[in-house]
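Trainee: Next up, upload-v4.cif (mmCIF, C-alpha atoms).
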data_input
#
loop_
_atom_site.label_atom_id
_atom_site.label_comp_id
_atom_site.auth_asym_id
_atom_site.auth_seq_id
_atom_site.Cartn_x
_atom_site.Cartn_y
_atom_site.Cartn_z
CA MET A 4 0.89 15.83 -199.86
CA PRO A 5 3.09 15.55 -196.74
CA ILE A 6 5.92 13.03 -196.70
CA ASN A 7 6.31 10.58 -193.81
CA ASN A 8 9.94 11.40 -193.03
CA GLY A 9 9.94 9.13 -189.98
CA PHE A 10 9.15 6.08 -192.10
CA LEU A 11 11.60 7.11 -194.81
CA LYS A 12 14.38 7.51 -192.23
CA SER A 13 13.57 4.42 -190.17
CA ASP A 14 16.06 1.57 -190.15
CA ARG A 15 14.51 -1.23 -192.19
CA THR A 16 17.56 -3.50 -191.98
CA GLU A 17 18.29 -6.34 -189.55
CA LYS A 18 19.76 -3.72 -187.19
CA GLY A 19 16.32 -2.07 -187.13
CA ASP A 20 14.62 -5.35 -186.15
CA GLU A 21 15.26 -4.78 -182.45
CA ASN A 22 11.85 -3.32 -181.59
CA TYR A 23 10.39 -5.00 -178.54
CA THR A 24 6.63 -5.01 -177.98
CA PRO A 25 5.30 -3.36 -174.82
CA PHE A 26 2.80 -5.25 -172.69
CA TYR A 27 -0.06 -2.92 -173.62
CA ALA A 28 0.29 -3.94 -177.29
CA VAL A 29 -0.12 -7.64 -176.40
CA ASN A 30 -3.32 -7.15 -174.39
CA PRO A 31 -5.65 -6.58 -177.39
CA ILE A 32 -4.84 -9.93 -179.03
CA LEU A 33 -5.34 -11.99 -175.84
CA LYS A 34 -9.14 -12.05 -176.06
CA TYR A 35 -8.99 -13.68 -179.52
CA ILE A 36 -6.77 -16.58 -178.42
CA PRO A 37 -8.72 -19.54 -176.98
CA LYS A 38 -7.36 -20.59 -173.57
CA ASP A 39 -7.35 -24.27 -174.55
CA LYS A 40 -4.79 -23.67 -177.33
CA THR A 41 -1.02 -23.82 -177.02
CA VAL A 42 0.56 -20.53 -178.06
CA TRP A 43 3.95 -20.47 -179.76
CA CYS A 44 5.93 -17.23 -179.45
CA PRO A 45 8.57 -17.94 -182.12
CA PHE A 46 10.73 -14.81 -181.78
CA ASP A 47 10.70 -14.36 -178.02
CA GLU A 48 13.04 -14.40 -175.07
CA ALA A 49 11.83 -15.39 -171.59
CA TRP A 50 11.47 -11.68 -170.71
CA SER A 51 9.30 -10.77 -173.72
CA ALA A 52 5.88 -9.24 -173.13
CA TYR A 53 4.24 -11.95 -175.26
CA TYR A 54 5.71 -14.87 -173.38
CA ARG A 55 5.19 -13.36 -169.94
CA LEU A 56 1.66 -12.04 -170.51
CA PHE A 57 0.41 -15.30 -172.03
CA GLN A 58 1.90 -17.23 -169.10
CA GLU A 59 0.44 -14.82 -166.54
CA SER A 60 -2.97 -15.10 -168.25
CA GLY A 61 -3.06 -18.88 -167.85
CA TYR A 62 -2.17 -19.99 -171.37
CA THR A 63 0.04 -22.91 -172.27
CA VAL A 64 2.86 -21.15 -174.10
CA VAL A 65 6.12 -22.19 -175.72
CA ARG A 66 8.74 -19.83 -176.99
CA SER A 67 11.78 -19.97 -179.19
CA SER A 68 14.52 -17.57 -180.22
CA LEU A 69 17.80 -17.40 -182.06
CA SER A 70 19.63 -16.98 -178.75
CA ASP A 71 18.38 -20.50 -177.90
CA LYS A 72 19.58 -21.76 -181.30
CA GLN A 73 15.96 -22.14 -182.48
CA ASP A 74 15.68 -20.51 -185.88
CA PHE A 75 12.02 -19.94 -186.81
CA PHE A 76 12.72 -20.94 -190.41
CA ILE A 77 13.96 -24.38 -189.31
CA TYR A 78 12.63 -25.00 -185.82
CA GLU A 79 9.06 -25.89 -184.87
CA PRO A 80 7.90 -26.99 -181.41
CA ASP A 81 6.39 -30.45 -181.08
CA LYS A 82 3.04 -29.05 -179.94
CA TRP A 83 1.52 -25.66 -180.73
CA ASP A 84 -1.77 -24.34 -182.10
CA ILE A 85 -1.36 -20.59 -182.69
CA ALA A 86 1.75 -18.49 -183.36
CA VAL A 87 1.76 -14.99 -181.84
CA SER A 88 4.65 -12.53 -181.83
CA ASN A 89 6.40 -9.48 -183.23
CA PRO A 90 8.73 -10.87 -185.91
CA PRO A 91 11.84 -9.20 -187.35
CA TYR A 92 10.47 -6.73 -189.89
CA SER A 93 13.39 -7.18 -192.29
CA LYS A 94 12.29 -10.82 -192.68
CA LYS A 95 8.52 -10.28 -192.82
CA ASN A 96 8.16 -11.81 -196.30
CA LYS A 97 9.89 -15.04 -195.28
CA VAL A 98 8.03 -15.09 -191.94
CA LEU A 99 4.64 -14.81 -193.64
CA GLU A 100 5.60 -17.40 -196.25
CA ARG A 101 6.52 -19.90 -193.52
CA LEU A 102 3.43 -19.17 -191.42
CA TYR A 103 1.11 -19.74 -194.37
CA ALA A 104 3.02 -22.95 -195.20
CA LEU A 105 2.61 -24.20 -191.62
CA GLY A 106 -1.16 -23.83 -192.08
CA LYS A 107 -2.06 -22.89 -188.50
CA PRO A 108 -3.63 -19.72 -187.09
CA PHE A 109 -1.32 -16.83 -186.32
CA ALA A 110 -1.16 -13.21 -185.18
CA MET A 111 1.96 -11.24 -186.07
CA LEU A 112 2.47 -7.59 -185.15
CA LEU A 113 3.81 -5.92 -188.28
CA PRO A 114 3.89 -2.50 -189.92
CA LEU A 115 0.62 -1.67 -191.68
CA THR A 116 2.60 -1.22 -194.90
CA THR A 117 3.06 -5.00 -194.91
CA LEU A 118 -0.44 -5.16 -196.40
CA GLN A 119 0.90 -4.08 -199.76
CA GLY A 120 3.72 -5.68 -201.69
CA LYS A 121 4.26 -8.08 -204.57
CA ALA A 122 6.25 -10.54 -202.46
CA ARG A 123 3.51 -10.81 -199.81
CA TYR A 124 0.50 -10.73 -202.11
CA PRO A 125 0.45 -14.49 -202.90
CA PHE A 126 0.21 -15.29 -199.18
CA LEU A 127 -2.11 -12.52 -198.08
CA LYS A 128 -4.63 -13.28 -200.82
CA LYS A 129 -5.09 -16.72 -199.20
CA GLY A 130 -6.75 -14.92 -196.31
CA VAL A 131 -5.70 -12.21 -193.90
CA GLN A 132 -7.38 -10.57 -190.94
CA ILE A 133 -6.29 -7.27 -189.41
CA LEU A 134 -6.48 -6.03 -185.83
CA ALA A 135 -5.74 -2.29 -186.05
CA PHE A 136 -5.48 0.41 -183.41
CA ASP A 137 -6.39 4.04 -182.80
CA LYS A 138 -2.77 5.07 -182.21
CA ARG A 139 0.76 3.99 -182.93
CA ILE A 140 2.65 1.64 -180.62
CA SER A 141 5.73 2.93 -178.81
CA TYR A 142 8.29 0.12 -178.82
CA TYR A 143 11.23 -0.66 -176.60
CA GLN A 144 14.62 -0.61 -178.28
CA SER A 145 18.09 -1.43 -176.97
CA ALA A 146 18.37 2.16 -175.72
CA GLY A 147 15.07 1.87 -173.82
CA TYR A 148 11.48 2.94 -174.36
CA VAL A 149 10.91 5.01 -177.51
CA SER A 150 7.90 7.29 -177.37
CA GLY A 151 6.21 7.43 -180.75
CA CYS A 152 6.87 5.33 -183.79
CA ALA A 153 7.49 6.18 -187.44
CA PHE A 154 4.88 3.69 -188.67
CA PRO A 155 1.51 2.26 -187.66
CA SER A 156 1.51 -1.37 -186.50
CA VAL A 157 -1.30 -3.90 -186.78
CA TYR A 158 -1.76 -7.59 -186.09
CA PHE A 159 -1.81 -9.63 -189.27
CA CYS A 160 -3.86 -12.72 -188.46
CA ARG A 161 -5.05 -15.86 -190.14
CA ASP A 162 -8.00 -18.00 -189.02
CA LEU A 163 -8.19 -16.21 -185.68
CA LEU A 164 -10.36 -13.09 -185.61
CA PRO A 165 -14.18 -13.11 -185.85
CA SER A 166 -14.09 -10.68 -188.81
CA PRO A 167 -11.60 -9.51 -191.45
CA LEU A 168 -11.03 -6.11 -189.84
CA ILE A 169 -11.25 -5.11 -186.19
CA LEU A 170 -10.45 -1.64 -184.87
CA GLU A 171 -9.62 -1.16 -181.20
CA GLU A 172 -8.39 1.50 -178.82
CA LEU A 173 -4.97 0.89 -177.31
CA GLU A 174 -4.84 1.44 -173.57
CA GLN A 175 -1.26 2.43 -172.92
CA TYR A 176 0.45 1.74 -169.61
CA GLU A 177 4.03 1.39 -168.53
CA ARG A 178 5.50 -1.91 -167.45
CA PRO A 179 9.19 -2.70 -167.94
CA LEU A 180 10.05 -5.65 -170.14
CA ARG A 181 13.13 -6.76 -168.31
CA ARG A 182 13.17 -7.37 -164.61
CA ILE A 183 16.36 -7.26 -162.56
CA GLU A 184 16.41 -11.06 -162.38
CA ASP A 185 16.00 -11.31 -166.18
CA ILE A 186 19.25 -9.48 -166.88
CA GLY A 187 21.34 -11.19 -164.22
CA ILE A 188 21.70 -8.37 -161.72
CA THR A 189 21.64 -9.43 -158.10
CA LYS A 190 20.77 -7.13 -155.24
#
So that I can check it, write out the structure of this file as structure tokens.

Mentor:
Amino acid sequence: MPINNGFLKSDRTEKGDENYTPFYAVNPILKYIPKDKTVWCPFDEAWSAYYRLFQESGYTVVRSSLSDKQDFFIYEPDKWDIAVSNPPYSKKNKVLERLYALGKPFAMLLPLTTLQGKARYPFLKKGVQILAFDKRISYYQSAGYVSGCAFPSVYFCRDLLPSPLILEELEQYERPLRRIEDIGITK
């Protein structure tokens, strides 16, 4: 049996958490989020694909991030209905534990391998829905766009999808995450 060297060599520490979701990976979850709900993007900067695409699509959206001194494990916005984001993978157990404790619908983009594990089992057995794709997502990292990924990613959802498992085709397109005005460069 072949070994997945990419996964074995991938950085699964906090340093490896800097994988930013491209816009095309946010599009598939949009149709499952009711427009009359307030979306909380708990791990997102103002330039993130989640925050920007939800805003552009007419949703009421709030965001939070550590750079704004809003730690997901402590902070919670006054009003929100559904949490949607790409959390730090090194903290996925704690993230899932908190989301299940909050008791509201969510969609978190995580490695498919998150489905298995003793630490996550108590939460996932309470109910999990999966939105999976026909190909792997290519993330942005601090060095720029990375074509290909060492692991498959899926949306782990709760009380959101119409069925426990949905398979969809990803329609890839390029759109930069950061605009010149987002990073403070003036013309």

Trainee: Have a look at A:Trp83, A:Tyr27, A:Trp43, A:Asn22 and name the one nearest to Glu174 in chain A; count only C-alpha atoms.

Mentor: A:Tyr27

Trainee: Got a sec to resolve the PyMOL selection byres ((chain A and resi 172) around 6) on this structure and send the residues as number ranges by chain?

Mentor: A: 136-137, 171, 173

Trainee: Do a neighbour search on range 92-104 of chain A at 12 Å with only C-alpha atoms, toss out local chain neighbours closer than 5 positions, and write the hits as a ChimeraX atom specification.

Mentor: /A:13-23,43,45-46,74-79,84-87,109-131,154,156,159-162

Trainee: Go through A:Ile36, A:Asp71, A:Val29, A:Gln175 and flag the residue nearest Ser51 in chain A, using all atoms listed in the file for the distances.

Mentor: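 Result for the nearest residue to Ser51 in chain A: A:Val29.
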
Trainee: Which residue out of A:Cys44, A:Ile169, A:Leu69, A:Leu163 has the minimum interatomic distance to Leu56 in chain A when all atoms listed in the file are used?

Mentor: A:Cys44

Trainee: Determine, counting only C-alpha atoms, which protein, DNA and RNA residues have an atom within 10 Å of an atom of Val65 in chain A; residues of the same chain fewer than 2 positions away are not included. Present the result as number ranges by chain.

Mentor: A: 41-45, 47, 49, 54, 57-58, 62-63, 67, 80-83, 86

Trainee: Please measure the separation of CA of Glu177 in chain A and CA of Tyr142 in chain A, giving the value in Å to one decimal.

Mentor: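 It comes out at 11.2 Å.
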
Trainee: What is the CA of Ala28 in chain A to CA of Lys72 in chain A distance in Å?

Mentor: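 Separation between CA of Ala28 in chain A and CA of Lys72 in chain A: 26.6 Å.
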
Trainee: CA of Thr24 in chain A and CA of Ser68 in chain A, how far apart in Å?

Mentor: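 Atom-to-atom, CA of Ser68 in chain A to CA of Thr24 in chain A, that is 15.0 Å.
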
Trainee: Could you check the closest approach to Lys107 in chain A for each of A:Asn89, A:Tyr158, A:Asn30, A:Lys40 and tell me which residue wins, using all atoms listed in the file?

Mentor: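 That would be A:Lys40, the residue with the smallest distance to Lys107 in chain A.
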
Trainee: Produce the centre coordinates and the three edge lengths, each in Å to one decimal, of the box along x, y and z that contains all listed atoms of range 121-129 of chain A with 3 Å added on each side, as AutoDock Vina command-line options.

Mentor:
--center_x 0.6 --center_y -12.4 --center_z -201.3 --size_x 17.3 --size_y 14.6 --size_z 12.5
